[in-house]
file model.txt (compact mmCIF, C-alpha atoms)
# COMPACT_ATOMS: atom_id res chain seq x y z
CA MET A 574 0.00 0.00 0.00
CA GLU A 575 1.48 3.33 -1.12
CA LEU A 576 0.78 6.67 0.58
CA ILE A 577 0.01 9.25 -2.12
CA SER A 578 -0.58 12.31 0.04
CA GLU A 579 -1.33 13.42 3.59
CA ASN A 580 -2.93 16.67 4.76
CA ARG A 581 -3.67 17.94 8.25
CA CYS A 582 -7.38 18.72 8.57
CA PHE A 583 -9.47 19.74 11.61
CA GLY A 584 -6.88 18.26 13.93
CA GLY A 585 -6.91 14.94 12.10
CA SER A 586 -5.20 13.55 9.02
CA HIS A 587 -6.63 13.16 5.50
CA ARG A 588 -4.65 10.58 3.53
CA ARG A 589 -4.80 9.04 0.05
CA TYR A 590 -3.47 5.57 -0.69
CA ARG A 591 -2.91 3.37 -3.73
CA HIS A 592 -2.99 -0.42 -3.51
CA PHE A 593 -3.53 -3.47 -5.69
CA SER A 594 -7.09 -4.77 -5.47
CA LYS A 595 -7.53 -8.53 -5.77
CA ALA A 596 -11.25 -8.04 -6.37
CA ASN A 597 -10.80 -5.58 -9.27
CA GLN A 598 -7.42 -6.89 -10.47
CA CYS A 599 -5.95 -3.42 -10.80
CA GLU A 600 -4.53 -0.56 -8.77
CA MET A 601 -7.18 1.23 -6.73
CA VAL A 602 -7.08 4.53 -4.84
CA PHE A 603 -8.93 5.31 -1.64
CA ALA A 604 -8.85 8.13 0.89
CA ILE A 605 -9.21 7.95 4.65
CA TYR A 606 -9.77 10.72 7.16
CA LEU A 607 -8.53 9.88 10.65
CA PRO A 608 -10.01 12.18 13.30
CA PRO A 609 -7.79 13.60 16.08
CA GLN A 610 -8.77 10.81 18.47
CA ALA A 611 -7.39 8.15 16.11
CA LEU A 612 -4.03 9.93 15.93
CA VAL A 613 -3.52 9.46 19.69
CA GLY A 614 -4.28 5.75 19.70
CA GLU A 615 -8.06 5.57 20.10
CA LYS A 616 -9.79 3.07 17.81
CA VAL A 617 -12.69 4.82 16.14
CA PRO A 618 -15.70 3.66 14.09
CA VAL A 619 -15.81 4.12 10.32
CA LEU A 620 -18.25 5.73 7.92
CA TYR A 621 -17.79 4.48 4.35
CA TRP A 622 -18.71 7.07 1.72
CA LEU A 623 -19.60 6.07 -1.86
CA SER A 624 -19.52 8.84 -4.47
CA GLY A 625 -21.54 9.29 -7.63
CA LEU A 626 -21.05 9.24 -11.39
CA THR A 627 -17.80 10.73 -12.76
CA CYS A 628 -16.37 11.17 -9.25
CA THR A 629 -13.11 9.96 -7.74
CA ASP A 630 -12.24 9.77 -4.04
CA GLU A 631 -11.44 13.49 -4.12
CA ASN A 632 -14.84 15.06 -4.89
CA PHE A 633 -16.40 14.35 -1.51
CA ALA A 634 -13.13 14.96 0.32
CA THR A 635 -12.62 18.46 -1.09
CA LYS A 636 -16.22 19.68 -1.51
CA ALA A 637 -18.41 18.28 1.27
CA GLY A 638 -16.63 19.62 4.36
CA ALA A 639 -17.24 16.29 6.07
CA GLN A 640 -13.93 16.16 7.96
CA ARG A 641 -15.10 18.89 10.37
CA TYR A 642 -18.03 16.72 11.50
CA ALA A 643 -16.04 13.49 11.49
CA ALA A 644 -13.57 15.13 13.88
CA LYS A 645 -16.41 16.36 16.08
CA HIS A 646 -17.99 12.91 16.35
CA SER A 647 -14.73 10.87 16.43
CA VAL A 648 -15.55 8.96 13.24
CA ALA A 649 -13.13 7.93 10.50
CA LEU A 650 -14.20 8.47 6.88
CA VAL A 651 -13.23 6.02 4.13
CA MET A 652 -13.72 7.18 0.54
CA PRO A 653 -13.01 4.66 -2.24
CA ASP A 654 -12.84 5.53 -5.91
CA THR A 655 -16.04 4.92 -7.88
CA SER A 656 -14.61 2.30 -10.23
CA PRO A 657 -11.48 0.46 -11.31
CA ARG A 658 -9.23 2.49 -13.61
CA GLY A 659 -6.28 2.04 -15.95
CA GLU A 660 -5.28 1.49 -19.56
CA ASN A 661 -6.24 -2.17 -19.44
CA VAL A 662 -9.58 -1.56 -17.71
CA ALA A 663 -12.68 -1.48 -19.93
CA ASN A 664 -14.22 1.94 -20.47
CA ASP A 665 -16.98 3.68 -22.43
CA GLU A 666 -17.35 7.17 -23.87
CA ARG A 667 -20.61 7.64 -21.97
CA TYR A 668 -20.22 9.30 -18.56
CA ASN A 669 -22.61 6.83 -16.92
CA LEU A 670 -20.76 3.66 -17.87
CA GLY A 671 -17.21 2.43 -17.37
CA GLN A 672 -14.48 4.24 -15.48
CA GLY A 673 -16.02 6.58 -12.93
CA ALA A 674 -19.30 4.65 -13.09
CA GLY A 675 -18.81 1.27 -11.41
CA PHE A 676 -22.31 1.26 -9.86
CA TYR A 677 -21.03 -0.85 -6.94
CA VAL A 678 -21.97 -4.16 -8.58
CA ASN A 679 -20.05 -7.31 -9.42
CA ALA A 680 -20.13 -7.34 -13.22
CA THR A 681 -20.86 -10.71 -14.83
CA SER A 682 -20.64 -9.70 -18.50
CA GLU A 683 -17.45 -9.04 -20.46
CA PRO A 684 -15.52 -6.87 -21.01
CA TRP A 685 -16.54 -5.59 -17.56
CA ALA A 686 -16.35 -8.74 -15.44
CA SER A 687 -12.54 -8.86 -15.50
CA HIS A 688 -12.21 -5.72 -13.36
CA TYR A 689 -15.58 -4.34 -12.29
CA GLN A 690 -16.12 -6.11 -8.98
CA MET A 691 -16.90 -3.03 -6.93
CA TYR A 692 -19.44 -4.74 -4.67
CA ASP A 693 -16.84 -7.21 -3.41
CA TYR A 694 -14.28 -4.44 -3.15
CA VAL A 695 -16.44 -2.21 -0.94
CA VAL A 696 -18.08 -4.92 1.15
CA ASN A 697 -15.20 -7.33 1.66
CA GLU A 698 -11.74 -6.28 0.50
CA LEU A 699 -11.54 -2.64 1.55
CA PRO A 700 -12.86 -3.05 5.14
CA VAL A 701 -10.31 -5.81 5.80
CA LEU A 702 -7.53 -3.53 4.56
CA ILE A 703 -8.77 -0.60 6.65
CA GLU A 704 -9.10 -2.64 9.85
CA GLN A 705 -5.63 -4.15 9.39
CA HIS A 706 -3.74 -0.90 8.83
CA PHE A 707 -5.56 1.89 10.67
CA PRO A 708 -6.69 2.65 14.26
CA VAL A 709 -10.35 1.76 13.72
CA ASN A 710 -12.72 -0.67 15.37
CA ASN A 711 -15.21 -2.97 13.63
CA MET A 712 -18.18 -0.57 13.90
CA LYS A 713 -19.19 0.57 10.41
CA SER A 714 -21.88 2.63 8.71
CA ILE A 715 -22.24 3.50 5.03
CA ALA A 716 -23.46 6.50 3.03
CA GLY A 717 -23.36 7.90 -0.47
CA HIS A 718 -24.58 10.33 -3.12
CA SER A 719 -26.54 9.53 -6.29
CA MET A 720 -24.92 6.39 -7.76
CA GLY A 721 -23.16 6.10 -4.41
CA GLY A 722 -26.48 6.40 -2.61
CA HIS A 723 -27.66 3.43 -4.68
CA GLY A 724 -24.49 1.60 -3.68
CA ALA A 725 -24.85 2.37 0.02
CA LEU A 726 -28.50 1.36 0.22
CA GLN A 727 -28.26 -1.91 -1.68
CA ILE A 728 -25.11 -2.90 0.21
CA ALA A 729 -26.72 -2.11 3.57
CA LEU A 730 -29.92 -3.98 2.75
CA LYS A 731 -27.95 -7.11 1.80
CA ASN A 732 -25.53 -6.87 4.73
CA PRO A 733 -27.38 -5.55 7.80
CA GLU A 734 -24.97 -7.41 10.06
CA HIS A 735 -22.02 -5.41 8.67
CA TYR A 736 -23.35 -1.86 9.17
CA ARG A 737 -25.07 0.08 11.94
CA SER A 738 -26.85 2.64 9.72
CA VAL A 739 -27.10 3.87 6.13
CA SER A 740 -27.80 7.23 4.53
CA ALA A 741 -28.02 8.66 1.04
CA PHE A 742 -28.24 11.96 -0.80
CA ALA A 743 -30.39 11.85 -3.96
CA PRO A 744 -29.96 8.08 -4.37
CA ILE A 745 -30.81 6.04 -7.45
CA VAL A 746 -33.09 3.76 -5.41
CA ASN A 747 -34.81 1.97 -8.29
CA PRO A 748 -32.05 1.58 -10.91
CA SER A 749 -33.69 -1.26 -12.83
CA GLN A 750 -36.49 1.20 -13.74
CA THR A 751 -34.45 4.32 -14.55
CA PRO A 752 -32.21 5.23 -17.53
CA TRP A 753 -28.91 5.49 -15.62
CA GLY A 754 -29.42 2.16 -13.91
CA GLN A 755 -30.70 0.37 -17.00
CA THR A 756 -27.64 1.44 -19.02
CA ALA A 757 -25.27 0.15 -16.35
CA PHE A 758 -27.16 -3.03 -15.48
CA HIS A 759 -27.58 -4.04 -19.11
CA ALA A 760 -23.81 -3.70 -19.68
CA TYR A 761 -22.51 -5.09 -16.39
CA LEU A 762 -25.12 -7.75 -15.61
CA GLY A 763 -26.67 -8.80 -18.91
CA GLU A 764 -30.37 -9.43 -19.47
CA ASN A 765 -31.27 -11.52 -16.39
CA PRO A 766 -33.86 -9.55 -14.37
CA LYS A 767 -32.95 -11.47 -11.21
CA GLU A 768 -29.41 -10.12 -11.44
CA TRP A 769 -30.76 -6.58 -11.80
CA ALA A 770 -33.11 -7.01 -8.83
CA ASN A 771 -30.21 -8.13 -6.65
CA TYR A 772 -28.74 -4.62 -6.90
CA ASP A 773 -31.99 -2.63 -6.90
CA SER A 774 -32.67 -1.14 -3.46
CA THR A 775 -36.42 -0.92 -3.99
CA GLU A 776 -36.66 -4.57 -4.99
CA LEU A 777 -34.35 -5.61 -2.13
CA LEU A 778 -36.46 -3.68 0.38
CA ARG A 779 -39.51 -5.74 -0.63
CA GLN A 780 -37.65 -8.93 0.29
CA VAL A 781 -35.91 -8.13 3.58
CA SER A 782 -37.46 -8.70 6.99
CA HIS A 783 -35.04 -6.38 8.78
CA ALA A 784 -33.39 -3.09 7.85
CA ILE A 785 -30.90 -0.93 9.71
CA PRO A 786 -31.81 2.77 10.29
CA ILE A 787 -32.02 4.71 7.02
CA ARG A 788 -31.83 8.41 6.17
CA ILE A 789 -32.48 9.86 2.70
CA ASP A 790 -32.27 13.52 1.60
CA GLN A 791 -33.58 14.72 -1.76
CA GLY A 792 -33.38 18.19 -3.28
CA LEU A 793 -36.54 19.28 -5.07
CA SER A 794 -34.65 21.40 -7.63
CA ASP A 795 -32.55 18.40 -8.64
CA ASP A 796 -32.44 18.18 -12.46
CA PHE A 797 -32.47 14.37 -12.21
CA TYR A 798 -35.56 14.18 -9.98
CA PRO A 799 -37.88 12.38 -10.56
CA VAL A 800 -36.78 10.68 -13.82
CA GLU A 801 -33.56 9.14 -12.48
CA LEU A 802 -34.35 9.44 -8.78
CA GLN A 803 -37.61 7.94 -7.59
CA PRO A 804 -37.49 7.60 -3.80
CA GLU A 805 -41.26 7.64 -3.19
CA LYS A 806 -41.86 3.93 -3.81
CA PHE A 807 -38.88 2.99 -1.64
CA ILE A 808 -40.23 5.17 1.17
CA GLU A 809 -43.72 3.70 0.79
CA ILE A 810 -42.39 0.14 1.13
CA ALA A 811 -40.28 1.07 4.17
CA GLU A 812 -43.32 2.60 5.85
CA GLN A 813 -45.49 -0.42 5.07
CA LYS A 814 -42.90 -2.74 6.62
CA GLY A 815 -42.36 -0.54 9.66
CA PHE A 816 -38.67 0.16 9.00
CA PHE A 817 -37.07 3.29 10.43
CA LEU A 818 -36.51 5.73 7.57
CA ALA A 819 -35.95 9.47 8.02
CA TYR A 820 -36.76 11.20 4.73
CA PHE A 821 -36.15 14.89 4.07
CA MET A 822 -37.16 16.85 0.96
CA HIS A 823 -35.38 20.19 0.48
CA ALA A 824 -36.92 22.95 -1.61
CA GLY A 825 -34.44 24.81 -3.82
CA TYR A 826 -31.57 22.31 -3.53
CA ASP A 827 -30.05 20.61 -6.59
CA HIS A 828 -27.92 17.50 -7.18
CA SER A 829 -24.53 19.07 -6.51
CA TYR A 830 -22.09 19.10 -3.63
CA TYR A 831 -23.63 22.41 -2.57
CA PHE A 832 -26.55 20.19 -1.52
CA VAL A 833 -24.37 17.51 0.06
CA SER A 834 -22.27 20.02 2.01
CA SER A 835 -25.42 21.67 3.38
CA PHE A 836 -26.59 18.53 5.18
CA ILE A 837 -23.51 16.32 5.61
CA GLY A 838 -23.25 17.41 9.24
CA GLU A 839 -26.70 16.01 9.94
CA HIS A 840 -25.81 12.76 8.18
CA ILE A 841 -22.63 12.22 10.18
CA ALA A 842 -24.51 13.01 13.41
CA PHE A 843 -27.17 10.47 12.35
CA HIS A 844 -24.54 7.77 11.93
CA ALA A 845 -22.61 8.73 15.05
CA GLN A 846 -25.55 7.91 17.30
CA TYR A 847 -25.52 4.32 16.01
CA LEU A 848 -21.74 3.92 15.91
CA LYS A 849 -21.20 4.72 19.60
call {"tool": "encode", "arguments": {"input": "model.txt", "output": "structure tokens"}}
result
Amino acid sequence: MELISENRCFGGSHRRYRHFSKANQCEMVFAIYLPPQALVGEKVPVLYWLSGLTCTDENFATKAGAQRYAAKHSVALVMPDTSPRGENVANDERYNLGQGAGFYVNATSEPWASHYQMYDYVVNELPVLIEQHFPVNNMKSIAGHSMGGHGALQIALKNPEHYRSVSAFAPIVNPSQTPWGQTAFHAYLGENPKEWANYDSTELLRQVSHAIPIRIDQGLSDDFYPVELQPEKFIEIAEQKGFFLAYFMHAGYDHSYYFVSSFIGEHIAFHAQYLK
């Protein structure tokens, strides 16, 4: 594992690393923010953050202002890249497919299957690496934005024993029924509707008998709402099944990191209450 950079931030340390991923069979980059408490030997819980289309690990780190709140609540932040990358990694000219658009699935169709195993990377490989090399405990929560909100929700619904809570900004909650999701699922997973449903948070929610606490925030001036982002059915199912879901609609807010940065403090506080 190679340290790329390190910056002091709100009394803690924001670091970027490069390592070889067995799941994705290529070099991957992730960032970690260690709050001040971790730098003096305290093992802290972790919030995994999954970013959206076209992002790297740096968008959230530089635009959301999350480190301030992570320091306040003694929580580490782990920010993986959104896809495998490299000259030998399959790509597409469309912004919503290929590098920068891994959709947090395990691809089963070529040319994607050789490298695009982002589900295994986020759920299995990366947490093991983090817990081996950094002063963190085994308490984890997960969050994300847009494509990353899709990733966080479907991962949490399939692995409630791994995470204490989940939250999402403007998530793609029903990807098998929306253009972004259909483009990605058709390429990565082929034509089998069962494979699509296995990564669709709305379909997964119908099947589960238990869900960890959920928070979703949606801006009402989001250009992608409601065509790409359709949280209402997800919320309806959660309410019918009696799951805890805090849902907030925000007039005037769009899809950008101006939106994320406005409410990231509330999200980290939400997770902190379950991580302690």
call {"tool": "atom_distance", "arguments": {"input": "model.txt", "atom1": "CA of Pro609 (chain A)", "atom2": "CA of Ser586 (chain A)"}}
result
7.5 Å
call {"tool": "closest_residue", "arguments": {"input": "model.txt", "among": "A:Phe817, A:Tyr831, A:Tyr677, A:Phe742", "to": "Phe758 (chain A)", "atoms": "all atoms listed in the file"}}
result
A:Tyr677
call {"tool": "residues_around", "arguments": {"input": "model.txt", "residues": "Ser682 (chain A)", "least_positions_apart": "5", "cutoff": "12 Å", "atoms": "only C-alpha atoms", "output": "list in words"}}
result
Ala663, Ser687, His688, Tyr689, Gln690, Ala757, Phe758, His759, Ala760, Tyr761, Leu762, Gly763, Glu764, Asn765 and Glu768 of chain A
call {"tool": "closest_residue", "arguments": {"input": "model.txt", "among": "A:Gly671, A:Pro733, A:Pro618, A:Pro752", "to": "Ile785 (chain A)", "atoms": "all atoms listed in the file"}}
result
A:Pro733
call {"tool": "atom_distance", "arguments": {"input": "model.txt", "atom1": "CA of Tyr847 (chain A)", "atom2": "CA of Val739 (chain A)"}}
result
10.0 Å
call {"tool": "closest_residue", "arguments": {"input": "model.txt", "among": "A:Gly717, A:Gly659, A:Pro684, A:Gly724", "to": "Asn771 (chain A)", "atoms": "all atoms listed in the file"}}
result
A:Gly724
